[in-house]
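Report on the following structure.
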Amino acid sequence: MVAIGLPDPAGGGRTVRVLVHAANRARALTRLRNLGLRAVYLRGNAEPPTPDEITAVLHHPDGLLWRTHEPLSQELWHPIRALLRPARGA
C-alpha cells in the first residue's frame, strides 16, 4: 500500500492524495504509470498511509483511490477513473 501526494492532473493548482494497493513500491509506481501518470516518483515516506486510508483502499475493487489533499477535508474517496477522466465541455 502506497500513499502519495500529486499535483492534480486536471490542473487547478491543488494537490491530490492517491492510494495504491500493490505488493511493493515498484508495482505501485507501475500501476500509476500505466494509467498515464508518467512523472510520478516516490521519494521517502514523509506521509505514510493512515489506518483509515489502508482500510479504504483494501476494500475498493480497483485498489486505486484519490481525494483532495486537505488535512481537515471530509471528502470521500473517489476511484482513480474520476481523476483521469477528461473534463466535460473542454
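By convention in this document, the chains of the C-alpha cells carry letters A, B, ... by their order, each chain's residues are numbered from 1, and ligands are numbered from 1 in the order they are shown.
Scanning chain A with DSSP on the backbone, the strand (DSSP E or B) assignments fall on A:Val2, A:Ala3, A:Ile4, A:Gly5, A:Leu6, A:Pro7, A:Thr15, A:Val16, A:Arg17, A:Val18, A:Leu19, A:Val20, A:Leu64, A:Leu65, A:Trp66, A:Arg67, A:Thr68, A:His78, A:Pro79.
Shortest atom-to-atom contact with Pro7 of chain A among A:Leu29, A:Leu83, A:Val20, A:Leu65: A:Leu83, counting only C-alpha atoms.
In terms of minimum interatomic distance to Leu35 of chain A, A:Leu64 ranks closest within A:Val16, A:Val2, A:Leu58, A:Leu64, counting only C-alpha atoms.
Here the helix (DSSP H, G or I) residues in segment 2-34 of chain A, by DSSP on the backbone, are A:Arg25, A:Ala26, A:Arg27, A:Ala28, A:Leu29, A:Thr30, A:Arg31, A:Leu32, A:Arg33, A:Asn34.
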Selection from above, N, CA, C and O atoms, as an mmCIF file, in the first residue's frame, can you write it?
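What follows is the written file result.cif:
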```
data_model
loop_
_atom_site.group_PDB
_atom_site.id
_atom_site.type_symbol
_atom_site.label_atom_id
_atom_site.label_comp_id
_atom_site.auth_asym_id
_atom_site.auth_seq_id
_atom_site.Cartn_x
_atom_site.Cartn_y
_atom_site.Cartn_z
ATOM 1 N N ARG A 25 6.510 -0.972 -3.607
ATOM 2 C CA ARG A 25 6.535 0.388 -4.157
ATOM 3 C C ARG A 25 6.727 0.398 -5.669
ATOM 4 O O ARG A 25 6.126 1.202 -6.371
ATOM 5 N N ALA A 26 7.559 -0.494 -6.181
ATOM 6 C CA ALA A 26 7.805 -0.540 -7.626
ATOM 7 C C ALA A 26 6.519 -0.879 -8.385
ATOM 8 O O ALA A 26 6.224 -0.279 -9.427
ATOM 9 N N ARG A 27 5.746 -1.820 -7.864
ATOM 10 C CA ARG A 27 4.488 -2.178 -8.537
ATOM 11 C C ARG A 27 3.460 -1.062 -8.431
ATOM 12 O O ARG A 27 2.667 -0.850 -9.339
ATOM 13 N N ALA A 28 3.475 -0.340 -7.324
ATOM 14 C CA ALA A 28 2.575 0.808 -7.183
ATOM 15 C C ALA A 28 2.907 1.857 -8.236
ATOM 16 O O ALA A 28 2.004 2.407 -8.880
ATOM 17 N N LEU A 29 4.191 2.134 -8.430
ATOM 18 C CA LEU A 29 4.597 3.086 -9.460
ATOM 19 C C LEU A 29 4.193 2.611 -10.847
ATOM 20 O O LEU A 29 3.733 3.392 -11.675
ATOM 21 N N THR A 30 4.371 1.326 -11.110
ATOM 22 C CA THR A 30 3.990 0.765 -12.404
ATOM 23 C C THR A 30 2.496 0.944 -12.644
ATOM 24 O O THR A 30 2.074 1.326 -13.746
ATOM 25 N N ARG A 31 1.679 0.702 -11.627
ATOM 26 C CA ARG A 31 0.225 0.870 -11.780
ATOM 27 C C ARG A 31 -0.120 2.311 -12.128
ATOM 28 O O ARG A 31 -0.947 2.570 -12.996
ATOM 29 N N LEU A 32 0.518 3.274 -11.457
ATOM 30 C CA LEU A 32 0.251 4.682 -11.744
ATOM 31 C C LEU A 32 0.745 5.074 -13.130
ATOM 32 O O LEU A 32 0.053 5.785 -13.864
ATOM 33 N N ARG A 33 1.919 4.608 -13.504
ATOM 34 C CA ARG A 33 2.458 4.951 -14.824
ATOM 35 C C ARG A 33 1.644 4.321 -15.942
ATOM 36 O O ARG A 33 1.508 4.913 -17.011
ATOM 37 N N ASN A 34 1.098 3.143 -15.721
ATOM 38 C CA ASN A 34 0.245 2.521 -16.731
ATOM 39 C C ASN A 34 -1.051 3.297 -16.946
ATOM 40 O O ASN A 34 -1.688 3.160 -17.984
#
```
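The list of residues with at least one atom within 12 Å of Gly5 of chain A, based on only C-alpha atoms and without residues fewer than 6 positions apart in the same chain, reads Arg14, Thr15, Val16, Arg17, Val18, Leu19, Val20, Val40, Tyr41, Leu42, Arg43, Asn45, Ala46, Glu47, Pro48, Pro49, Leu65, Trp66, Arg67, Thr68, His69 and Glu70 of chain A.
Atom CA of Ser73 of chain A sits 17.5 Å away from atom CA of Thr55 of chain A.
If you look at atom CA of Pro79 of chain A and atom CA of Pro51 of chain A, they are 18.5 Å away from each other.
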I'd like the interatomic distance between atom CA of Leu6 of chain A and atom CA of Ile80 of chain A, to a tenth of an Å. 12.6 Å
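Each of A:Val57, A:Ala39, A:Ala23, A:Ala10 was checked against Leu84 of chain A using only C-alpha atoms; the smallest atom-to-atom distance is that of A:Ala10.
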